[in-house]
>>> print(open('final_31.cif').read())   # mmCIF, C-alpha atoms
data_final
#
loop_
_atom_site.group_PDB
_atom_site.id
_atom_site.type_symbol
_atom_site.label_atom_id
_atom_site.label_comp_id
_atom_site.auth_asym_id
_atom_site.auth_seq_id
_atom_site.Cartn_x
_atom_site.Cartn_y
_atom_site.Cartn_z
ATOM 1 C CA MET A 1 -11.165 -4.850 -44.586
ATOM 2 C CA ARG A 2 -9.892 -1.871 -46.570
ATOM 3 C CA ALA A 3 -7.274 0.337 -44.963
ATOM 4 C CA THR A 4 -8.393 3.850 -44.115
ATOM 5 C CA LYS A 5 -6.693 6.437 -46.284
ATOM 6 C CA PRO A 6 -4.865 9.060 -44.196
ATOM 7 C CA PRO A 7 -6.300 12.578 -44.506
ATOM 8 C CA LYS A 8 -4.567 15.036 -46.808
ATOM 9 C CA LEU A 9 -2.814 17.943 -45.138
ATOM 10 C CA ASP A 10 -4.648 21.192 -45.814
ATOM 11 C CA GLU A 11 -2.125 23.790 -47.013
ATOM 12 C CA VAL A 12 -4.042 26.796 -45.732
ATOM 13 C CA GLY A 13 -4.407 25.281 -42.273
ATOM 14 C CA ALA A 14 -0.767 24.171 -42.233
ATOM 15 C CA GLU A 15 0.408 27.717 -42.954
ATOM 16 C CA ALA A 16 -1.706 29.210 -40.144
ATOM 17 C CA VAL A 17 1.081 28.903 -37.562
ATOM 18 C CA ASP A 18 0.797 32.538 -36.458
ATOM 19 C CA ALA A 19 -2.983 32.307 -36.089
ATOM 20 C CA ALA A 20 -2.648 29.163 -33.993
ATOM 21 C CA ARG A 21 0.006 30.732 -31.778
ATOM 22 C CA ALA A 22 -2.055 33.891 -31.316
ATOM 23 C CA ALA A 23 -5.066 31.845 -30.202
ATOM 24 C CA LEU A 24 -2.858 29.912 -27.782
ATOM 25 C CA LEU A 25 -1.384 33.086 -26.244
ATOM 26 C CA GLU A 26 -4.878 34.347 -25.495
ATOM 27 C CA LEU A 27 -5.268 31.461 -23.042
ATOM 28 C CA VAL A 28 -1.797 30.809 -21.583
ATOM 29 C CA PRO A 29 1.178 33.019 -20.643
ATOM 30 C CA ALA A 30 3.774 33.570 -23.341
ATOM 31 C CA GLU A 31 6.548 32.120 -21.143
ATOM 32 C CA ASP A 32 4.723 28.763 -21.174
ATOM 33 C CA VAL A 33 4.815 28.476 -24.985
ATOM 34 C CA GLY A 34 7.916 27.306 -26.828
ATOM 35 C CA GLU A 35 8.752 26.683 -30.451
ATOM 36 C CA HIS A 36 6.417 25.282 -33.086
ATOM 37 C CA LEU A 37 6.905 21.501 -33.222
ATOM 38 C CA GLY A 38 4.932 20.662 -36.327
ATOM 39 C CA VAL A 39 1.515 20.141 -37.804
ATOM 40 C CA GLN A 40 -0.598 17.047 -38.359
ATOM 41 C CA PRO A 41 -3.754 16.517 -40.454
ATOM 42 C CA GLU A 42 -6.952 15.515 -38.692
ATOM 43 C CA GLU A 43 -9.502 15.380 -41.508
ATOM 44 C CA SER A 44 -10.432 17.369 -44.604
ATOM 45 C CA LYS A 45 -9.457 21.030 -44.001
ATOM 46 C CA VAL A 46 -8.751 20.381 -40.298
ATOM 47 C CA VAL A 47 -5.183 20.420 -38.946
ATOM 48 C CA THR A 48 -3.529 20.542 -35.536
ATOM 49 C CA HIS A 49 -0.495 22.672 -34.688
ATOM 50 C CA LEU A 50 1.812 21.525 -31.912
ATOM 51 C CA PHE A 51 3.821 23.907 -29.733
ATOM 52 C CA GLU A 52 6.377 23.124 -27.059
ATOM 53 C CA CYS A 53 5.141 23.518 -23.476
ATOM 54 C CA THR A 54 7.767 25.255 -21.320
ATOM 55 C CA ARG A 55 5.705 25.346 -18.124
ATOM 56 C CA ARG A 56 7.554 23.954 -15.095
ATOM 57 C CA GLY A 57 6.608 20.385 -14.277
ATOM 58 C CA TYR A 58 5.328 19.637 -17.798
ATOM 59 C CA ARG A 59 8.436 18.301 -19.492
ATOM 60 C CA GLY A 60 7.550 16.556 -22.747
ATOM 61 C CA TRP A 61 4.027 18.034 -22.942
ATOM 62 C CA ARG A 62 2.761 19.936 -26.005
ATOM 63 C CA TRP A 63 0.178 22.607 -26.675
ATOM 64 C CA SER A 64 -2.247 21.389 -29.321
ATOM 65 C CA VAL A 65 -4.149 23.979 -31.364
ATOM 66 C CA THR A 66 -6.663 22.596 -33.865
ATOM 67 C CA VAL A 67 -7.824 24.882 -36.703
ATOM 68 C CA SER A 68 -10.222 24.358 -39.592
ATOM 69 C CA ARG A 69 -11.611 26.274 -42.553
ATOM 70 C CA ALA A 70 -14.743 26.171 -44.635
ATOM 71 C CA PRO A 71 -14.598 25.199 -48.317
ATOM 72 C CA ARG A 72 -13.167 27.936 -50.592
ATOM 73 C CA GLN A 73 -12.202 30.055 -47.554
ATOM 74 C CA LYS A 74 -8.657 31.363 -47.035
ATOM 75 C CA THR A 75 -8.877 31.973 -43.288
ATOM 76 C CA VAL A 76 -9.022 29.459 -40.478
ATOM 77 C CA THR A 77 -11.096 29.174 -37.327
ATOM 78 C CA VAL A 78 -9.672 27.854 -34.057
ATOM 79 C CA ASP A 79 -11.564 24.771 -32.905
ATOM 80 C CA GLU A 80 -9.824 23.878 -29.635
ATOM 81 C CA VAL A 81 -6.698 24.408 -27.558
ATOM 82 C CA VAL A 82 -5.544 21.583 -25.272
ATOM 83 C CA LEU A 83 -2.412 20.437 -23.474
ATOM 84 C CA LEU A 84 -1.369 16.907 -24.438
ATOM 85 C CA PRO A 85 1.447 14.603 -23.271
ATOM 86 C CA GLY A 86 4.181 13.646 -25.703
ATOM 87 C CA ASP A 87 6.029 10.351 -25.926
ATOM 88 C CA ASP A 88 8.542 11.340 -23.219
ATOM 89 C CA ALA A 89 6.143 13.357 -21.056
ATOM 90 C CA LEU A 90 6.150 13.142 -17.288
ATOM 91 C CA LEU A 91 2.818 11.598 -16.344
ATOM 92 C CA ALA A 92 1.123 11.030 -13.017
ATOM 93 C CA PRO A 93 1.136 7.367 -11.958
ATOM 94 C CA GLU A 94 -1.899 5.313 -12.853
ATOM 95 C CA TRP A 95 -4.677 5.932 -10.362
ATOM 96 C CA VAL A 96 -5.218 3.119 -7.884
ATOM 97 C CA PRO A 97 -8.425 2.923 -5.786
ATOM 98 C CA TRP A 98 -7.859 3.801 -2.145
ATOM 99 C CA ARG A 99 -8.922 0.321 -1.037
ATOM 100 C CA GLU A 100 -6.013 -1.135 -3.005
ATOM 101 C CA ARG A 101 -3.560 1.537 -1.786
ATOM 102 C CA ILE A 102 -4.179 1.201 1.945
ATOM 103 C CA ARG A 103 -1.698 -0.869 3.911
ATOM 104 C CA PRO A 104 -1.605 -2.237 7.461
ATOM 105 C CA GLY A 105 -0.772 0.571 9.876
ATOM 106 C CA ASP A 106 -2.231 3.353 7.689
ATOM 107 C CA LEU A 107 -5.313 3.897 9.864
ATOM 108 C CA SER A 108 -5.153 6.707 12.408
ATOM 109 C CA PRO A 109 -7.413 7.231 15.437
ATOM 110 C CA GLY A 110 -10.886 8.109 14.180
ATOM 111 C CA ASP A 111 -10.396 6.669 10.661
ATOM 112 C CA LEU A 112 -13.046 4.272 9.367
ATOM 113 C CA LEU A 113 -12.431 1.352 6.990
ATOM 114 C CA PRO A 114 -15.773 -0.152 5.914
ATOM 115 C CA THR A 115 -15.868 -3.606 4.320
ATOM 116 C CA GLU A 116 -17.744 -4.464 1.163
ATOM 117 C CA GLU A 117 -20.991 -6.416 1.384
ATOM 118 C CA ASP A 118 -19.484 -9.154 -0.768
ATOM 119 C CA ASP A 119 -16.036 -9.174 0.883
ATOM 120 C CA PRO A 120 -14.730 -12.711 0.210
ATOM 121 C CA ARG A 121 -12.927 -12.727 3.555
ATOM 122 C CA LEU A 122 -16.259 -12.732 5.412
ATOM 123 C CA ALA A 123 -19.269 -15.033 5.442
ATOM 124 C CA PRO A 124 -22.707 -14.855 7.098
ATOM 125 C CA ALA A 125 -22.484 -15.733 10.780
ATOM 126 C CA TYR A 126 -25.085 -18.486 10.519
ATOM 127 C CA THR A 127 -22.655 -20.482 8.382
ATOM 128 C CA ALA A 128 -20.174 -20.435 11.293
ATOM 129 C CA ALA A 129 -17.359 -20.450 8.771
ATOM 130 C CA ASP A 130 -14.707 -19.797 11.402
ATOM 131 C CA GLU A 131 -15.889 -22.397 13.901
ATOM 132 C CA VAL A 132 -16.248 -26.167 13.855
ATOM 133 C CA VAL A 133 -19.869 -26.365 15.043
ATOM 134 C CA ASP A 134 -23.273 -27.431 13.785
ATOM 135 C CA ALA A 135 -24.167 -24.699 11.272
ATOM 136 C CA ASP A 136 -27.902 -25.502 11.426
ATOM 137 C CA ALA A 137 -27.955 -25.126 15.198
ATOM 138 C CA VAL A 138 -26.133 -21.796 15.029
ATOM 139 C CA LYS A 139 -28.566 -20.468 12.422
ATOM 140 C CA GLU A 140 -31.578 -21.519 14.453
ATOM 141 C CA VAL A 141 -30.322 -19.771 17.603
ATOM 142 C CA ALA A 142 -29.186 -16.639 15.747
ATOM 143 C CA ASP A 143 -32.512 -16.294 13.950
ATOM 144 C CA GLU A 144 -34.486 -16.756 17.150
ATOM 145 C CA LEU A 145 -32.501 -14.407 19.366
ATOM 146 C CA GLY A 146 -31.190 -11.968 16.815
ATOM 147 C CA LEU A 147 -27.807 -12.046 18.530
ATOM 148 C CA GLY A 148 -24.243 -12.723 17.479
ATOM 149 C CA ARG A 149 -22.002 -11.288 14.798
ATOM 150 C CA PRO A 150 -23.620 -10.604 11.418
ATOM 151 C CA ARG A 151 -20.543 -11.918 9.600
ATOM 152 C CA VAL A 152 -17.542 -14.050 10.481
ATOM 153 C CA LEU A 153 -14.336 -15.081 8.732
ATOM 154 C CA SER A 154 -14.879 -17.095 5.598
ATOM 155 C CA LEU A 155 -12.585 -19.983 4.750
ATOM 156 C CA GLU A 156 -10.823 -17.749 2.238
ATOM 157 C CA GLY A 157 -10.419 -14.979 4.795
ATOM 158 C CA ARG A 158 -9.019 -17.397 7.340
ATOM 159 C CA ASP A 159 -6.523 -18.829 4.856
ATOM 160 C CA LEU A 160 -5.386 -15.333 3.818
ATOM 161 C CA ALA A 161 -4.839 -14.349 7.449
ATOM 162 C CA ALA A 162 -2.922 -17.542 8.205
ATOM 163 C CA GLU A 163 -0.700 -17.063 5.167
ATOM 164 C CA ARG A 164 -0.045 -13.400 6.038
ATOM 165 C CA TRP A 165 0.811 -14.177 9.665
ATOM 166 C CA TYR A 166 2.987 -17.164 8.848
ATOM 167 C CA ASP A 167 4.991 -15.348 6.161
ATOM 168 C CA GLY A 168 5.369 -12.177 8.254
ATOM 169 C CA THR A 169 7.649 -11.131 11.101
ATOM 170 C CA HIS A 170 5.866 -13.409 13.591
ATOM 171 C CA GLY A 171 6.443 -16.609 11.652
ATOM 172 C CA PRO A 172 9.301 -19.134 11.584
ATOM 173 C CA ASP A 173 11.403 -17.241 9.024
ATOM 174 C CA ALA A 174 11.823 -14.067 11.102
ATOM 175 C CA PRO A 175 15.488 -13.430 12.072
ATOM 176 C CA ILE A 176 14.619 -13.510 15.780
ATOM 177 C CA ALA A 177 13.004 -16.923 15.330
ATOM 178 C CA GLN A 178 15.993 -18.286 13.436
ATOM 179 C CA SER A 179 18.276 -17.579 16.402
ATOM 180 C CA ALA A 180 15.790 -18.557 19.136
ATOM 181 C CA PRO A 181 16.716 -21.362 21.559
ATOM 182 C CA ALA A 182 13.277 -23.002 21.191
ATOM 183 C CA GLN A 183 9.919 -22.557 19.467
ATOM 184 C CA CYS A 184 6.841 -20.796 20.812
ATOM 185 C CA GLY A 185 4.844 -24.020 20.882
ATOM 186 C CA THR A 186 6.932 -25.233 23.815
ATOM 187 C CA CYS A 187 6.879 -21.921 25.707
ATOM 188 C CA GLY A 188 4.820 -21.460 28.865
ATOM 189 C CA PHE A 189 3.837 -17.964 27.750
ATOM 190 C CA PHE A 190 2.246 -19.262 24.519
ATOM 191 C CA VAL A 191 -1.586 -19.010 24.548
ATOM 192 C CA ARG A 192 -3.077 -21.067 21.734
ATOM 193 C CA LEU A 193 -5.854 -19.506 19.642
ATOM 194 C CA ALA A 194 -9.300 -21.112 19.640
ATOM 195 C CA GLY A 195 -10.745 -22.658 16.481
ATOM 196 C CA PRO A 196 -8.932 -23.886 13.373
ATOM 197 C CA LEU A 197 -6.302 -21.126 13.515
ATOM 198 C CA GLY A 198 -5.171 -22.549 16.856
ATOM 199 C CA ARG A 199 -3.614 -25.476 15.054
ATOM 200 C CA LEU A 200 -0.805 -23.185 13.944
ATOM 201 C CA PHE A 201 -1.050 -19.927 15.907
ATOM 202 C CA GLY A 202 -1.271 -18.503 19.387
ATOM 203 C CA ALA A 203 -0.636 -15.267 21.269
ATOM 204 C CA CYS A 204 2.458 -14.339 23.247
ATOM 205 C CA ALA A 205 1.822 -13.437 26.900
ATOM 206 C CA ASN A 206 5.381 -12.628 27.961
ATOM 207 C CA ALA A 207 5.590 -8.948 28.929
ATOM 208 C CA TYR A 208 9.335 -8.930 28.199
ATOM 209 C CA ALA A 209 9.117 -10.468 24.729
ATOM 210 C CA ASN A 210 9.010 -8.414 21.519
ATOM 211 C CA ASP A 211 5.839 -10.239 20.458
ATOM 212 C CA ASP A 212 3.870 -9.704 23.680
ATOM 213 C CA GLY A 213 0.163 -9.461 22.827
ATOM 214 C CA ARG A 214 0.727 -10.470 19.187
ATOM 215 C CA VAL A 215 -0.205 -13.533 17.179
ATOM 216 C CA VAL A 216 2.772 -15.823 16.575
ATOM 217 C CA SER A 217 3.127 -19.153 14.863
ATOM 218 C CA ILE A 218 3.845 -22.294 16.853
ATOM 219 C CA ASP A 219 7.249 -22.580 15.187
ATOM 220 C CA HIS A 220 8.141 -18.932 15.823
ATOM 221 C CA GLY A 221 10.509 -18.192 18.686
ATOM 222 C CA CYS A 222 12.587 -15.634 20.567
ATOM 223 C CA GLY A 223 15.132 -15.383 23.360
ATOM 224 C CA ALA A 224 12.439 -14.901 26.023
ATOM 225 C CA HIS A 225 11.311 -18.542 25.932
ATOM 226 C CA SER A 226 10.037 -19.701 29.323
ATOM 227 C CA GLU A 227 12.535 -22.565 29.518
ATOM 228 C CA VAL A 228 15.610 -20.720 28.337
ATOM 229 C CA GLN A 229 18.650 -21.189 30.568
ATOM 230 C CA LEU A 230 21.931 -19.347 30.538
ATOM 231 C CA SER A 231 25.020 -21.435 29.999
ATOM 232 C CA LYS A 232 27.645 -21.446 32.744
ATOM 233 C CA LYS A 233 29.917 -19.133 30.787
ATOM 234 C CA ASN A 234 27.080 -16.588 30.492
ATOM 235 C CA LEU A 235 26.155 -16.673 34.178
ATOM 236 C CA PRO A 236 27.215 -13.614 36.198
ATOM 237 C CA ALA A 237 30.426 -14.044 38.153
ATOM 238 C CA PRO A 238 29.802 -15.045 41.793
ATOM 239 C CA LEU A 239 30.410 -12.429 44.446
ATOM 240 C CA PRO A 240 33.603 -12.802 46.497
ATOM 241 C CA GLU A 241 33.460 -14.096 50.052
ATOM 242 C CA PRO A 242 32.743 -11.286 52.553
ATOM 243 C CA ALA A 243 35.798 -9.915 54.372
ATOM 244 C CA LEU A 244 35.461 -10.022 58.182
ATOM 245 C CA ASP A 245 36.627 -7.037 60.174
ATOM 246 C CA THR A 246 39.079 -8.331 62.838
ATOM 247 C CA ILE A 247 40.282 -4.988 64.196
ATOM 248 C CA LYS A 248 39.446 -4.453 67.844
ATOM 249 C CA ILE A 249 38.458 -1.194 69.501
ATOM 250 C CA GLU A 250 41.664 -1.250 71.524
ATOM 251 C CA ASP A 251 43.681 -1.322 68.330
ATOM 252 C CA LEU A 252 41.838 1.721 66.980
ATOM 253 C CA GLU A 253 42.552 3.640 70.181
ATOM 254 C CA THR A 254 46.231 2.796 69.831
ATOM 255 C CA PHE A 255 46.278 4.269 66.300
#
>>> encode(input="final_31.cif", output="structure tokens")
Amino acid sequence: MRATKPPKLDEVGAEAVDAARAALLELVPAEDVGEHLGVQPEESKVVTHLFECTRRGYRGWRWSVTVSRAPRQKTVTVDEVVLLPGDDALLAPEWVPWRERIRPGDLSPGDLLPTEEDDPRLAPAYTAADEVVDADAVKEVADELGLGRPRVLSLEGRDLAAERWYDGTHGPDAPIAQSAPAQCGTCGFFVRLAGPLGRLFGACANAYANDDGRVVSIDHGCGAHSEVQLSKKNLPAPLPEPALDTIKIEDLETF
């Protein structure tokens, strides 16, 4: 493949610095235009002049004014004026779809977060992906009665949830679990989840625990374990024996 020959710089267009600046000042304030930075050829008899942009917040950006001329003409015509980023320009971060930006806890009262039809975390309810039951029987009943949830957790969705819960602040690696006297699986306040997730997770039902009403792993733990006992050195000091009043009424009268 033959290399493309770079266009030749048109001398008339290259010398039209004042014409390019005048066209630029018709569109933007003079205080936003800095010095002339150079000229670059585009194609035959078409060149682009670059001017420094001094507008606040646009460090490294350049005004680009493209001019051209017809054959055997000595004057140029302005084709376009645009603002372009330079190599060291401040640019906005790459746009990320809102669904990828949202994080747990971002939703406020009244906000809606719809799921996609093909969300891999969900599966049709008749497959009973989150339950260990006869899928054919579930489909037959759901079709006949038209009841039940349209979609349930898929195997992928269940695995993602389990991984997120286990690696989070309610799993075994949380600082509070590392210093706990025992694990949640042996606590009387631990309510095991139903279904496959119950093999590893349950909910805390201790009103005085930090995790009350939250999903915790079996090997999580905290200081509010149902069987925790204070050591003797941590027990409150016993009250002293009561002092009996032995003064008689006759003695008070004497005083």
>>> closest_residue(input="final_31.cif", among="A:Arg101, A:Arg72, A:Arg59, A:Arg164", to="A:Val12", atoms="only C-alpha atoms")
A:Arg72
>>> atom_distance(input="final_31.cif", atom1="atom CA of A:Glu42", atom2="atom CA of A:Val17")
15.7 Å
>>> atom_distance(input="final_31.cif", atom1="atom CA of A:Pro29", atom2="atom CA of A:Thr77")
21.1 Å
>>> residues_around(input="final_31.cif", residues="A:Val228", least_positions_apart="2", cutoff="12 Å", atoms="all atoms listed in the file", output="number ranges by chain")
A: 180-184, 186-188, 221-226, 230-231
>>> atom_distance(input="final_31.cif", atom1="atom CA of A:Glu163", atom2="atom CA of A:Arg149")
24.1 Å
>>> residues_around(input="final_31.cif", residues="stretch 196-205 of chain A", least_positions_apart="3", cutoff="7 Å", atoms="only C-alpha atoms", output="ChimeraX atom specification")
/A:189-193,211-218
>>> closest_residue(input="final_31.cif", among="A:Ala14, A:Val39, A:Leu83, A:Leu50", to="A:Leu27", atoms="only C-alpha atoms")
A:Leu83
>>> resolve_selection(input="final_31.cif", expression="the PyMOL selection byres ((chain A and resi 61) around 12)", output="PyMOL selection string")
chain A and resi 32-34+37+50-60+62-64+82-91
>>> residues_around(input="final_31.cif", residues="A:Glu117", least_positions_apart="4", cutoff="12 Å", atoms="all atoms listed in the file", output="MDAnalysis selection string")
chainID A and resid 121:124 150:151
